file model_23.cif (mmCIF, C-alpha atoms)
data_query
loop_
_atom_site.label_atom_id
_atom_site.label_comp_id
_atom_site.auth_asym_id
_atom_site.auth_seq_id
_atom_site.Cartn_x
_atom_site.Cartn_y
_atom_site.Cartn_z
CA MET A 1 30.77 -62.20 158.93
CA SER A 2 31.30 -61.70 162.64
CA LYS A 3 31.19 -58.28 164.25
CA THR A 4 34.89 -58.60 165.12
CA ILE A 5 35.90 -59.21 161.50
CA ALA A 6 33.57 -56.47 160.29
CA ALA A 7 35.08 -54.07 162.80
CA LEU A 8 38.61 -55.04 161.74
CA ASN A 9 37.74 -54.46 158.09
CA ASP A 10 36.37 -51.03 158.98
CA VAL A 11 39.57 -50.11 160.83
CA GLN A 12 41.73 -51.36 157.95
CA ALA A 13 39.70 -49.30 155.46
CA TRP A 14 39.95 -46.25 157.70
CA MET A 15 43.72 -46.74 158.08
CA GLN A 16 44.18 -46.92 154.32
CA ASN A 17 42.23 -43.69 153.85
CA ALA A 18 44.19 -42.08 156.66
CA LEU A 19 47.45 -42.86 154.87
CA ILE A 20 46.23 -41.75 151.44
CA TYR A 21 44.29 -38.65 152.54
CA PRO A 22 46.02 -37.43 155.72
CA GLY A 23 44.32 -34.04 155.59
CA GLN A 24 40.88 -35.60 155.96
CA VAL A 25 41.58 -37.42 159.23
CA THR A 26 40.10 -35.91 162.40
CA GLN A 27 41.47 -36.15 165.92
CA THR A 28 38.28 -37.89 166.99
CA GLN A 29 38.73 -40.61 164.37
CA ILE A 30 42.32 -41.14 165.44
CA SER A 31 41.27 -41.51 169.08
CA GLU A 32 38.57 -44.01 168.14
CA ASN A 33 40.83 -46.23 166.06
CA LEU A 34 44.34 -45.90 167.53
CA ALA A 35 45.76 -46.00 171.03
CA ASP A 36 48.52 -43.94 172.58
CA THR A 37 51.71 -45.64 173.75
CA ASP A 38 54.14 -44.68 176.47
CA GLN A 39 56.49 -43.28 173.82
CA LEU A 40 54.11 -41.73 171.26
CA SER A 41 50.63 -40.34 171.05
CA ALA A 42 48.29 -41.90 168.47
CA ILE A 43 48.46 -38.70 166.40
CA ALA A 44 52.26 -38.68 166.34
CA ALA A 45 52.45 -42.39 165.49
CA LEU A 46 49.97 -42.00 162.64
CA GLY A 47 51.96 -39.03 161.32
CA ILE A 48 55.08 -41.19 161.11
CA TYR A 49 53.18 -43.84 159.17
CA GLN A 50 51.68 -41.25 156.83
CA ARG A 51 55.04 -39.69 156.01
CA SER A 52 56.75 -43.07 155.62
CA TYR A 53 53.96 -44.40 153.42
CA TYR A 54 54.22 -41.61 150.87
CA ALA A 55 58.01 -41.49 151.07
CA ARG A 56 58.14 -45.17 150.11
CA LEU A 57 55.62 -44.81 147.28
CA LEU A 58 57.31 -41.70 145.89
CA SER A 59 60.66 -43.49 145.95
CA CYS A 60 59.13 -46.33 143.91
CA MET A 61 57.64 -43.86 141.44
CA ARG A 62 61.02 -42.18 140.96
CA ASP A 63 62.58 -45.59 140.36
CA GLN A 64 59.96 -46.40 137.72
CA PHE A 65 60.22 -43.01 135.99
CA PRO A 66 63.82 -41.81 136.47
CA ALA A 67 64.03 -39.83 133.21
CA LEU A 68 60.72 -38.06 133.84
CA CYS A 69 61.87 -37.22 137.36
CA PHE A 70 65.10 -35.81 135.91
CA SER A 71 63.16 -33.73 133.36
CA LEU A 72 60.67 -32.24 135.80
CA GLY A 73 62.96 -32.04 138.80
CA GLU A 74 62.33 -34.12 141.91
CA ALA A 75 60.12 -31.56 143.66
CA ILE A 76 57.70 -31.09 140.74
CA PHE A 77 57.75 -34.83 139.96
CA ASN A 78 56.80 -35.58 143.57
CA GLN A 79 53.88 -33.16 143.33
CA PHE A 80 52.51 -34.87 140.22
CA ALA A 81 53.13 -38.32 141.68
CA THR A 82 51.46 -37.46 144.99
CA GLU A 83 48.29 -36.25 143.26
CA TYR A 84 48.34 -39.36 141.08
CA LEU A 85 48.65 -41.66 144.10
CA ARG A 86 45.72 -39.96 145.79
CA GLU A 87 43.55 -40.57 142.75
CA HIS A 88 44.98 -44.02 142.05
CA PRO A 89 46.10 -45.53 145.38
CA SER A 90 48.04 -48.77 145.36
CA ASN A 91 45.63 -51.71 145.27
CA SER A 92 48.06 -54.56 144.70
CA TYR A 93 50.22 -56.65 147.01
CA THR A 94 53.20 -55.61 144.85
CA LEU A 95 54.38 -52.14 143.92
CA TYR A 96 55.20 -53.38 140.41
CA GLU A 97 51.91 -51.95 139.10
CA LEU A 98 52.15 -48.72 141.07
CA GLY A 99 52.89 -46.49 138.06
CA SER A 100 50.89 -48.38 135.43
CA ARG A 101 48.27 -45.61 135.10
CA PHE A 102 50.64 -42.68 135.53
CA PRO A 103 51.17 -41.88 131.79
CA ASN A 104 47.41 -41.78 131.19
CA TYR A 105 46.96 -39.67 134.32
CA LEU A 106 49.50 -37.13 133.07
CA ASN A 107 47.76 -36.94 129.70
CA ASP A 108 44.26 -36.69 131.20
CA THR A 109 45.22 -33.91 133.62
CA ARG A 110 47.44 -31.83 131.34
CA PRO A 111 46.45 -28.14 131.50
CA ASP A 112 46.04 -27.83 127.71
CA ARG A 113 43.93 -30.97 127.26
CA ASP A 114 40.96 -28.98 125.90
CA LYS A 115 42.98 -27.42 123.08
CA GLN A 116 43.34 -28.80 119.58
CA ILE A 117 46.21 -31.28 119.30
CA ASP A 118 48.30 -28.95 117.12
CA GLN A 119 47.86 -26.17 119.70
CA ARG A 120 49.09 -28.12 122.69
CA GLU A 121 52.40 -27.52 124.43
CA ARG A 122 55.09 -29.74 122.95
CA TRP A 123 57.04 -30.02 126.19
CA ILE A 124 53.97 -31.63 127.77
CA ASP A 125 53.70 -34.01 124.80
CA PHE A 126 57.31 -34.95 125.46
CA MET A 127 56.72 -35.60 129.16
CA VAL A 128 53.71 -37.84 128.46
CA GLU A 129 55.55 -39.80 125.77
CA LEU A 130 58.59 -40.14 128.03
CA ALA A 131 56.38 -41.54 130.80
CA GLU A 132 54.80 -43.99 128.34
CA PHE A 133 58.20 -45.24 127.24
CA GLU A 134 59.53 -45.55 130.78
CA ARG A 135 56.52 -47.61 131.81
CA LEU A 136 57.04 -49.89 128.82
CA ALA A 137 60.73 -50.33 129.65
CA PHE A 138 60.01 -50.95 133.32
CA GLY A 139 57.49 -53.65 132.45
CA LEU A 140 60.09 -55.72 130.61
CA PHE A 141 62.47 -55.99 133.57
CA ASP A 142 60.40 -58.55 135.48
CA ALA A 143 58.08 -59.84 132.77
CA LYS A 144 57.94 -63.52 131.94
CA GLY A 145 60.47 -64.13 129.21
CA ASP A 146 61.53 -66.79 126.74
CA GLU A 147 65.26 -66.92 127.42
CA PRO A 148 65.50 -70.75 127.11
CA ARG A 149 63.62 -70.73 123.80
CA LEU A 150 65.34 -67.89 121.97
CA VAL A 151 66.38 -68.68 118.39
CA THR A 152 70.15 -68.51 117.92
CA GLN A 153 70.66 -69.97 114.43
CA SER A 154 70.65 -67.28 111.74
CA ASP A 155 69.41 -69.80 109.14
CA ALA A 156 66.33 -70.82 111.15
CA PRO A 157 63.28 -71.18 108.85
CA ASP A 158 60.97 -68.18 108.85
CA HIS A 159 57.97 -70.31 109.77
CA ASP A 160 59.71 -71.40 113.00
CA LEU A 161 60.04 -67.83 114.26
CA LEU A 162 57.76 -66.17 116.79
CA PRO A 163 58.20 -62.84 118.62
CA GLN A 164 59.48 -63.51 122.10
CA ARG A 165 57.40 -62.29 125.03
CA CYS A 166 59.92 -59.69 126.19
CA LEU A 167 59.86 -57.82 122.89
CA ALA A 168 58.13 -54.47 122.59
CA ILE A 169 58.19 -51.80 119.92
CA HIS A 170 57.58 -48.12 120.46
CA GLN A 171 57.08 -45.05 118.34
CA ALA A 172 57.08 -41.47 119.56
CA ARG A 173 57.11 -37.93 118.25
CA PHE A 174 60.29 -37.29 120.24
CA PRO A 175 63.44 -39.42 120.70
CA VAL A 176 62.32 -40.35 124.20
CA ALA A 177 64.17 -43.68 124.21
CA HIS A 178 67.52 -42.00 123.62
CA PHE A 179 66.73 -39.35 126.24
CA TYR A 180 65.89 -42.13 128.70
CA CYS A 181 69.18 -43.91 127.98
CA ALA A 182 71.15 -40.69 128.46
CA VAL A 183 69.60 -40.19 131.90
CA ARG A 184 70.23 -43.81 132.87
CA ASP A 185 73.88 -43.33 131.81
CA LYS A 186 74.13 -40.39 134.26
CA GLY A 187 74.06 -37.80 131.50
CA SER A 188 72.32 -34.43 131.55
CA PRO A 189 70.31 -34.30 128.31
CA THR A 190 68.21 -31.31 127.34
CA LEU A 191 64.71 -31.37 125.90
CA PRO A 192 65.14 -32.99 122.46
CA PRO A 193 63.70 -31.61 119.22
CA TYR A 194 60.45 -32.75 117.71
CA LYS A 195 61.50 -35.83 115.71
CA HIS A 196 59.72 -39.14 115.19
CA SER A 197 61.58 -42.13 116.59
CA PHE A 198 61.08 -45.88 116.36
CA VAL A 199 62.72 -48.41 118.68
CA ALA A 200 62.47 -51.99 119.84
CA LEU A 201 63.01 -53.07 123.42
CA VAL A 202 64.07 -56.67 123.94
CA ARG A 203 65.35 -58.70 126.85
CA LYS A 204 68.12 -61.21 126.20
CA GLU A 205 70.04 -63.06 128.89
CA PHE A 206 67.91 -61.11 131.37
CA LYS A 207 69.29 -57.77 130.15
CA THR A 208 67.10 -55.27 128.35
CA GLN A 209 68.55 -53.57 125.29
CA LEU A 210 67.34 -50.79 123.03
CA ILE A 211 67.38 -51.25 119.26
CA PRO A 212 66.84 -48.19 117.01
CA LEU A 213 64.51 -48.93 114.10
CA SER A 214 63.71 -47.37 110.77
CA TYR A 215 60.08 -46.80 109.92
CA GLU A 216 60.18 -49.83 107.61
CA GLN A 217 61.64 -52.03 110.34
CA TYR A 218 59.09 -50.79 112.84
CA THR A 219 56.27 -51.56 110.40
CA LEU A 220 57.53 -55.08 109.79
CA LEU A 221 57.94 -55.86 113.47
CA TYR A 222 54.53 -54.37 114.23
CA ASN A 223 52.90 -56.69 111.72
CA PHE A 224 54.98 -59.65 112.84
CA ILE A 225 53.91 -59.18 116.47
CA ARG A 226 50.32 -58.81 115.28
CA THR A 227 50.24 -61.82 112.93
CA ALA A 228 52.98 -64.11 114.35
CA SER A 229 53.98 -64.87 110.76
CA ILE A 230 56.90 -63.42 108.82
CA SER A 231 55.27 -64.04 105.44
CA SER A 232 52.07 -62.30 106.54
CA ALA A 233 54.07 -59.47 108.12
CA LEU A 234 56.02 -58.90 104.90
CA GLU A 235 52.82 -58.80 102.86
CA CYS A 236 50.96 -56.49 105.25
CA SER A 237 53.95 -54.19 105.55
CA ALA A 238 54.35 -53.85 101.79
CA GLN A 239 50.70 -52.90 101.47
CA SER A 240 50.75 -50.32 104.26
CA LEU A 241 54.08 -48.79 103.25
CA ALA A 242 52.90 -48.42 99.65
CA LYS A 243 50.42 -45.84 100.91
CA VAL A 244 53.14 -43.54 102.26
CA LYS A 245 56.00 -44.20 99.82
CA SER A 246 56.31 -43.65 96.09
CA MET A 247 56.57 -47.38 95.37
CA ASN A 248 53.97 -49.97 94.51
CA SER A 249 53.36 -52.95 96.78
CA ASN A 250 55.25 -55.38 94.50
CA GLU A 251 58.35 -53.20 94.58
CA LEU A 252 58.07 -52.87 98.34
CA SER A 253 57.60 -56.61 98.76
CA ALA A 254 60.86 -57.25 96.90
CA TYR A 255 62.64 -54.53 98.86
CA LEU A 256 61.45 -55.80 102.26
CA LEU A 257 62.26 -59.41 101.44
CA ASN A 258 65.79 -58.42 100.43
CA GLN A 259 66.23 -56.36 103.60
CA TRP A 260 64.88 -59.21 105.70
CA ALA A 261 66.71 -62.19 104.20
CA GLY A 262 70.03 -60.70 103.00
CA PRO A 263 73.35 -62.02 104.42
CA THR A 264 73.56 -59.10 106.83
CA GLY A 265 69.84 -58.39 106.78
CA TRP A 266 67.30 -57.72 109.47
CA LYS A 267 66.64 -61.39 110.18
CA SER A 268 70.21 -62.33 111.07
CA ASN A 269 70.75 -59.17 113.12
CA TRP A 270 67.49 -59.55 115.03
CA ILE A 271 68.22 -63.20 115.79
CA LYS A 272 71.56 -62.16 117.29
CA GLN A 273 69.75 -59.54 119.36
CA GLY A 274 67.25 -62.08 120.68
CA LEU A 275 63.98 -60.90 119.17
CA PHE A 276 62.64 -64.33 118.27
CA LYS A 277 61.74 -67.54 120.01
CA ALA A 278 61.20 -70.95 118.41
CA ARG A 279 57.71 -72.08 117.54
CA GLU A 280 56.73 -75.16 119.53
#
call {"tool": "encode", "arguments": {"input": "model_23.cif", "output": "C-alpha cells"}}
result
Amino acid sequence: MSKTIAALNDVQAWMQNALIYPGQVTQTQISENLADTDQLSAIAALGIYQRSYYARLLSCMRDQFPALCFSLGEAIFNQFATEYLREHPSNSYTLYELGSRFPNYLNDTRPDRDKQIDQRERWIDFMVELAEFERLAFGLFDAKGDEPRLVTQSDAPDHDLLPQRCLAIHQARFPVAHFYCAVRDKGSPTLPPYKHSFVALVRKEFKTQLIPLSYEQYTLLYNFIRTASISSALECSAQSLAKVKSMNSNELSAYLLNQWAGPTGWKSNWIKQGLFKARE
C-alpha cells in the first residue's frame, strides 16, 4: 500500500471518528486534517458535518422505530438512539441495518438489568418488546419476497405448501403489534396492560399486513416455519400443546386438523392472506 493511500485511509478513519465522537476531536487534529475555506473555518465546516450526520441518522432511527419514539417522546428517544449510535456506528453502505442491534442494546443497558426478571420494570419490558417488533416489521418492507409464487388456490395440497419468505410470527408479553398499528394510524395509544399476544406479519402484493393469532395458531405456524411441512407441524403442535392443555395429543391432533382443513379453516384463510408459497 502506498503512503498516499495509507494517509487517505488514516484521514477517512479520523473523519469517521470525528463524526461519531465529536467531543473527542481536538483543534490540532482538525488543523492537521482539514483546511479552511474563504467562507468557513475547518472547525465550523466540521461542526456542520457533525450535526448533519447525527441529524440524518436520528431521522432514520425514528423512521425505523416510530412507535417507540412516540412512547418515549422524541427528545428521550434521541438520547437513547445517540448513545446507541456511538456504541454501534453505521458500518454498512445502506442505512437499512442501522437499527438492527437497537432492541438488544436497549435490553442490555436497561437500568434494572441486574434484578430478577419478575422484579424488573414492566414499562421497560414493553419498550424492549416494542422495539423488537418494530425491527421485525421494518425488515419485511424491503426483504426478498415470493409474490410471484404465492399460493392462491384454497384446495392446494398440503404437501405443496411452504412458508413464504416474507412471513414472520411474533409473540410478546404486551400487545405491542396493536400499539404499533395505532401509532402508525396516527392514534395516541397509552401503555397497554400486561397481556400475551401472538401475531403474524406477512407481505402480500408488496403490502405488509398484521394477522392476530391464537396461541394454537401461533404454535402451528411456528412448527410449520421450522419444519416446512404441514403434517409435521400438526404433529409437533399437538404434542407441545398437550403439555399446556387438558387434552391428550390424539384429541389435539383431531382438533388441529379440523381447525386447519375445515371449509372456513386456517388453511383457506391463510392462503387468502398470502402466507404460503408453492413448493418447487
call {"tool": "closest_residue", "arguments": {"input": "model_23.cif", "among": "A:Pro111, A:Gly139, A:Gly73, A:Gly187", "to": "A:Thr208", "atoms": "all atoms listed in the file"}}
result
A:Gly139
call {"tool": "atom_distance", "arguments": {"input": "model_23.cif", "atom1": "atom CA of A:Asn78", "atom2": "atom CA of A:Asp142"}}
result
24.6 Å
call {"tool": "closest_residue", "arguments": {"input": "model_23.cif", "among": "A:Leu256, A:Ile43, A:Pro148, A:Ile124", "to": "A:Ala238", "atoms": "all atoms listed in the file"}}
result
A:Leu256
call {"tool": "closest_residue", "arguments": {"input": "model_23.cif", "among": "A:Cys181, A:Leu221, A:Leu275, A:Cys69", "to": "A:Ala131", "atoms": "all atoms listed in the file"}}
result
A:Cys69
call {"tool": "closest_residue", "arguments": {"input": "model_23.cif", "among": "A:Lys277, A:Arg62, A:Arg184, A:Arg86", "to": "A:Cys166", "atoms": "all atoms listed in the file"}}
result
A:Lys277
call {"tool": "resolve_selection", "arguments": {"input": "model_23.cif", "expression": "the PyMOL selection byres ((chain A and resi 98) around 9)", "output": "ChimeraX atom specification"}}
result
/A:57,60-61,64,85,88-92,94-97,99-102
call {"tool": "closest_residue", "arguments": {"input": "model_23.cif", "among": "A:Tyr255, A:Tyr54, A:Trp123, A:Phe198", "to": "A:Tyr215", "atoms": "all atoms listed in the file"}}
result
A:Phe198
call {"tool": "residues_around", "arguments": {"input": "model_23.cif", "residues": "stretch 133-136 of chain A", "least_positions_apart": "3", "cutoff": "8 Å", "atoms": "only C-alpha atoms", "output": "ChimeraX atom specification"}}
result
/A:64-65,67,99-100,103,129-130,139-140,168,170,176-177,180
call {"tool": "decode", "arguments": {"input": "model_23.cif", "residues": "stretch 75-93 of chain A", "atoms": "N, CA, C and O atoms", "output": "PDB file, in the first residue's frame"}}
result
ATOM      1  N   ALA A  75     -37.415  13.579  22.319  1.00  0.00           N
ATOM      2  CA  ALA A  75     -36.179  14.003  22.992  1.00  0.00           C
ATOM      3  C   ALA A  75     -35.495  12.821  23.679  1.00  0.00           C
ATOM      4  O   ALA A  75     -34.283  12.609  23.526  1.00  0.00           O
ATOM      5  N   ILE A  76     -36.262  12.039  24.443  1.00  0.00           N
ATOM      6  CA  ILE A  76     -35.671  10.892  25.151  1.00  0.00           C
ATOM      7  C   ILE A  76     -35.258   9.824  24.146  1.00  0.00           C
ATOM      8  O   ILE A  76     -34.186   9.195  24.287  1.00  0.00           O
ATOM      9  N   PHE A  77     -36.079   9.594  23.118  1.00  0.00           N
ATOM     10  CA  PHE A  77     -35.707   8.623  22.087  1.00  0.00           C
ATOM     11  C   PHE A  77     -34.377   9.015  21.448  1.00  0.00           C
ATOM     12  O   PHE A  77     -33.496   8.165  21.251  1.00  0.00           O
ATOM     13  N   ASN A  78     -34.214  10.280  21.124  1.00  0.00           N
ATOM     14  CA  ASN A  78     -32.961  10.735  20.505  1.00  0.00           C
ATOM     15  C   ASN A  78     -31.769  10.499  21.418  1.00  0.00           C
ATOM     16  O   ASN A  78     -30.672  10.179  20.941  1.00  0.00           O
ATOM     17  N   GLN A  79     -31.963  10.653  22.724  1.00  0.00           N
ATOM     18  CA  GLN A  79     -30.864  10.404  23.657  1.00  0.00           C
ATOM     19  C   GLN A  79     -30.443   8.934  23.616  1.00  0.00           C
ATOM     20  O   GLN A  79     -29.246   8.620  23.532  1.00  0.00           O
ATOM     21  N   PHE A  80     -31.429   8.035  23.691  1.00  0.00           N
ATOM     22  CA  PHE A  80     -31.116   6.609  23.620  1.00  0.00           C
ATOM     23  C   PHE A  80     -30.457   6.273  22.284  1.00  0.00           C
ATOM     24  O   PHE A  80     -29.472   5.523  22.227  1.00  0.00           O
ATOM     25  N   ALA A  81     -31.016   6.799  21.204  1.00  0.00           N
ATOM     26  CA  ALA A  81     -30.509   6.477  19.876  1.00  0.00           C
ATOM     27  C   ALA A  81     -29.099   7.016  19.667  1.00  0.00           C
ATOM     28  O   ALA A  81     -28.253   6.358  19.040  1.00  0.00           O
ATOM     29  N   THR A  82     -28.819   8.195  20.195  1.00  0.00           N
ATOM     30  CA  THR A  82     -27.481   8.770  20.057  1.00  0.00           C
ATOM     31  C   THR A  82     -26.439   7.907  20.767  1.00  0.00           C
ATOM     32  O   THR A  82     -25.363   7.626  20.210  1.00  0.00           O
ATOM     33  N   GLU A  83     -26.741   7.486  21.996  1.00  0.00           N
ATOM     34  CA  GLU A  83     -25.811   6.618  22.716  1.00  0.00           C
ATOM     35  C   GLU A  83     -25.630   5.283  21.994  1.00  0.00           C
ATOM     36  O   GLU A  83     -24.524   4.744  21.916  1.00  0.00           O
ATOM     37  N   TYR A  84     -26.712   4.775  21.438  1.00  0.00           N
ATOM     38  CA  TYR A  84     -26.632   3.525  20.673  1.00  0.00           C
ATOM     39  C   TYR A  84     -25.724   3.696  19.461  1.00  0.00           C
ATOM     40  O   TYR A  84     -24.868   2.838  19.185  1.00  0.00           O
ATOM     41  N   LEU A  85     -25.882   4.794  18.729  1.00  0.00           N
ATOM     42  CA  LEU A  85     -25.090   5.012  17.521  1.00  0.00           C
ATOM     43  C   LEU A  85     -23.617   5.212  17.838  1.00  0.00           C
ATOM     44  O   LEU A  85     -22.751   4.872  17.023  1.00  0.00           O
ATOM     45  N   ARG A  86     -23.324   5.733  19.004  1.00  0.00           N
ATOM     46  CA  ARG A  86     -21.914   5.883  19.395  1.00  0.00           C
ATOM     47  C   ARG A  86     -21.282   4.533  19.717  1.00  0.00           C
ATOM     48  O   ARG A  86     -20.097   4.320  19.457  1.00  0.00           O
ATOM     49  N   GLU A  87     -22.073   3.631  20.272  1.00  0.00           N
ATOM     50  CA  GLU A  87     -21.560   2.295  20.562  1.00  0.00           C
ATOM     51  C   GLU A  87     -21.609   1.387  19.344  1.00  0.00           C
ATOM     52  O   GLU A  87     -20.798   0.479  19.198  1.00  0.00           O
ATOM     53  N   HIS A  88     -22.583   1.640  18.467  1.00  0.00           N
ATOM     54  CA  HIS A  88     -22.759   0.794  17.281  1.00  0.00           C
ATOM     55  C   HIS A  88     -22.877   1.684  16.039  1.00  0.00           C
ATOM     56  O   HIS A  88     -23.954   1.791  15.452  1.00  0.00           O
ATOM     57  N   PRO A  89     -21.769   2.321  15.633  1.00  0.00           N
ATOM     58  CA  PRO A  89     -21.841   3.214  14.472  1.00  0.00           C
ATOM     59  C   PRO A  89     -22.189   2.451  13.201  1.00  0.00           C
ATOM     60  O   PRO A  89     -21.929   1.251  13.076  1.00  0.00           O
ATOM     61  N   SER A  90     -22.773   3.162  12.262  1.00  0.00           N
ATOM     62  CA  SER A  90     -23.143   2.556  10.988  1.00  0.00           C
ATOM     63  C   SER A  90     -21.900   2.023  10.289  1.00  0.00           C
ATOM     64  O   SER A  90     -20.902   2.735  10.132  1.00  0.00           O
ATOM     65  N   ASN A  91     -21.955   0.759   9.871  1.00  0.00           N
ATOM     66  CA  ASN A  91     -20.814   0.156   9.182  1.00  0.00           C
ATOM     67  C   ASN A  91     -21.236  -0.481   7.863  1.00  0.00           C
ATOM     68  O   ASN A  91     -20.582  -1.400   7.374  1.00  0.00           O
ATOM     69  N   SER A  92     -22.344  -0.008   7.320  1.00  0.00           N
ATOM     70  CA  SER A  92     -22.866  -0.552   6.071  1.00  0.00           C
ATOM     71  C   SER A  92     -23.100   0.575   5.082  1.00  0.00           C
ATOM     72  O   SER A  92     -23.288   1.734   5.464  1.00  0.00           O
ATOM     73  N   TYR A  93     -23.042   0.236   3.790  1.00  0.00           N
ATOM     74  CA  TYR A  93     -23.289   1.236   2.754  1.00  0.00           C
ATOM     75  C   TYR A  93     -24.753   1.685   2.740  1.00  0.00           C
ATOM     76  O   TYR A  93     -25.088   2.717   2.164  1.00  0.00           O
TER      77      TYR A  93
END
